[in-house]
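Okay, so here's the structure we're looking at.
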Amino acid sequence: MSRLLYSATMSLDGYIAGPGGDMSWLTGHFGPNPVVDTLISTIGSLLVGRRSFGGDDPHRGTPQEGEPFGGGWSGPQFVLTHHAPETPVPGITFLTDLDSAVSAAKAAAGDKYVNVIGANVAQQCLDAGVLDEILVFVAPVLLGDGVRLFDRPGGANIKLETLTQTNAPHATGIWLRVVK
């Protein structure tokens, strides 16, 4: 059965996107990373938030623009939104509620991971108790502002258990299990 995994790269101060959703800061931190290569081969589908789907692409202006993992992955994608585009997007299914989106993404993933992309969707999955694991790559940069990896002022702690920790030249990976 598939599991839900939230993966993100964040700055040392906890931001996954700069001001205005800018993702260009990431390009300097792409590089050889065996954990990313392994992750990509274990993804069966993507569950993406609307802001991430329509947001700034770190591969903008390159042949990899608009492609998941810069073209390193292809497969079924599900976008959770109340504002689907008027024109259908090939290969993308737009859903309006979390339960339907998670069910569809899990069915499409089979026995592989559903990779959650987007801090808001990840938080909704945590709140619903359906997020299983979190993979965070910490990049050696301070952004100072933007979209946080996880933002719930005054909220309850989410307990996590470290599964693995890895070091690569451009980022440190921390793979965690959500303790339920």
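Going through the structure tokens in order, the chains are called A, B, and so on, while each chain numbers its residues from 1 and the ligands are numbered from 1 in the order shown.
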
Can you pull out the residues contacting segment 71-76 of chain A? Cut-off 9 Å, using only C-alpha atoms, and skip same-chain residues under 4 positions away; I want them as a short mmCIF file (atom, residue, chain, number, x, y, z; two decimals) with C-alpha atoms, in the first residue's frame.
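What follows is the written file part.cif:
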```cif
data_model
loop_
_atom_site.label_atom_id
_atom_site.label_comp_id
_atom_site.auth_asym_id
_atom_site.auth_seq_id
_atom_site.Cartn_x
_atom_site.Cartn_y
_atom_site.Cartn_z
CA ASP A 37 17.77 9.49 -7.04
CA ILE A 40 12.45 9.52 -7.55
CA SER A 41 12.48 5.80 -8.31
CA ILE A 43 7.39 7.74 -6.35
CA GLY A 44 4.17 6.44 -7.86
CA SER A 45 2.21 9.71 -7.98
CA LEU A 46 2.34 13.35 -6.92
CA LEU A 47 -0.14 15.20 -4.72
CA PRO A 63 14.49 22.53 -20.99
CA GLN A 64 13.38 21.01 -17.64
CA GLU A 65 10.88 23.81 -16.92
CA GLY A 66 7.47 22.50 -15.89
CA GLU A 67 8.68 18.94 -15.40
CA GLY A 91 -1.62 14.44 -17.23
CA ILE A 92 -2.97 16.51 -14.32
CA THR A 93 -6.11 15.73 -12.32
CA ALA A 105 -3.15 9.66 -5.56
CA ALA A 108 -2.46 5.70 -8.77
CA ALA A 109 0.74 5.17 -6.75
#
```

Need the shell around segment 1-9 of chain A: protein/DNA/RNA residues with any atom at most 6 Å away, counting only C-alpha atoms. Skip same-chain ones fewer than 2 positions apart. Format as a list in words?
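Listed by chain and then number, they are Ile16, Lys106, Gly110, Asp111, Lys112, Tyr113, Val114, Asn115, Val116, Leu131, Asp132, Glu133, Ile134, Leu135, Val136, Phe137 and Val138 of chain A.
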
Would you pick out the contacts of segment 117-123 of chain A at 6 Å or less, using only C-alpha atoms, so that residues sharing its chain but fewer than 3 positions from it are not included, and give the list as a ChimeraX atom specification?
/A:48-49,52,126,149

Name the closest residue to Leu12 of chain A among the candidates A:Gly154, A:Pro140, A:Gly173, A:Pro32; distances are taken between atoms, counting only C-alpha atoms.
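Looking only at the distances to Leu12 of chain A, the closest residue turns out to be A:Pro140.
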
If you run DSSP over the backbone, which residues in segment 8-152 of chain A end up alpha helix (DSSP H)? Put them as a ChimeraX atom specification.
/A:34-41,50-54,98-109,119-128

Counting only C-alpha atoms, closest pick from A:Ala104, A:Val178, A:Ser24, A:Thr162 relative to Thr62 of chain A is A:Ser24

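Distance-wise, atom CA of Gly14 of chain A and atom CA of Ser103 of chain A end up 29.4 Å apart.
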
If DSSP is run on the backbone, what residues of segment 3-161 of chain A are strand (DSSP E or B)? A reply as an MDAnalysis selection string would be ideal.
chainID A and resid 4:11 15:17 43:49 77:80 92:95 113:117 133:139 147:148 160:161

Given only C-alpha atoms as the counted atoms, nearest of A:Thr172, A:Gln124, A:Thr164, A:Thr96 to Ala84 of chain A
A:Thr96

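The space separating atom CA of Val35 of chain A from atom CA of Ala168 of chain A comes to 8.8 Å.
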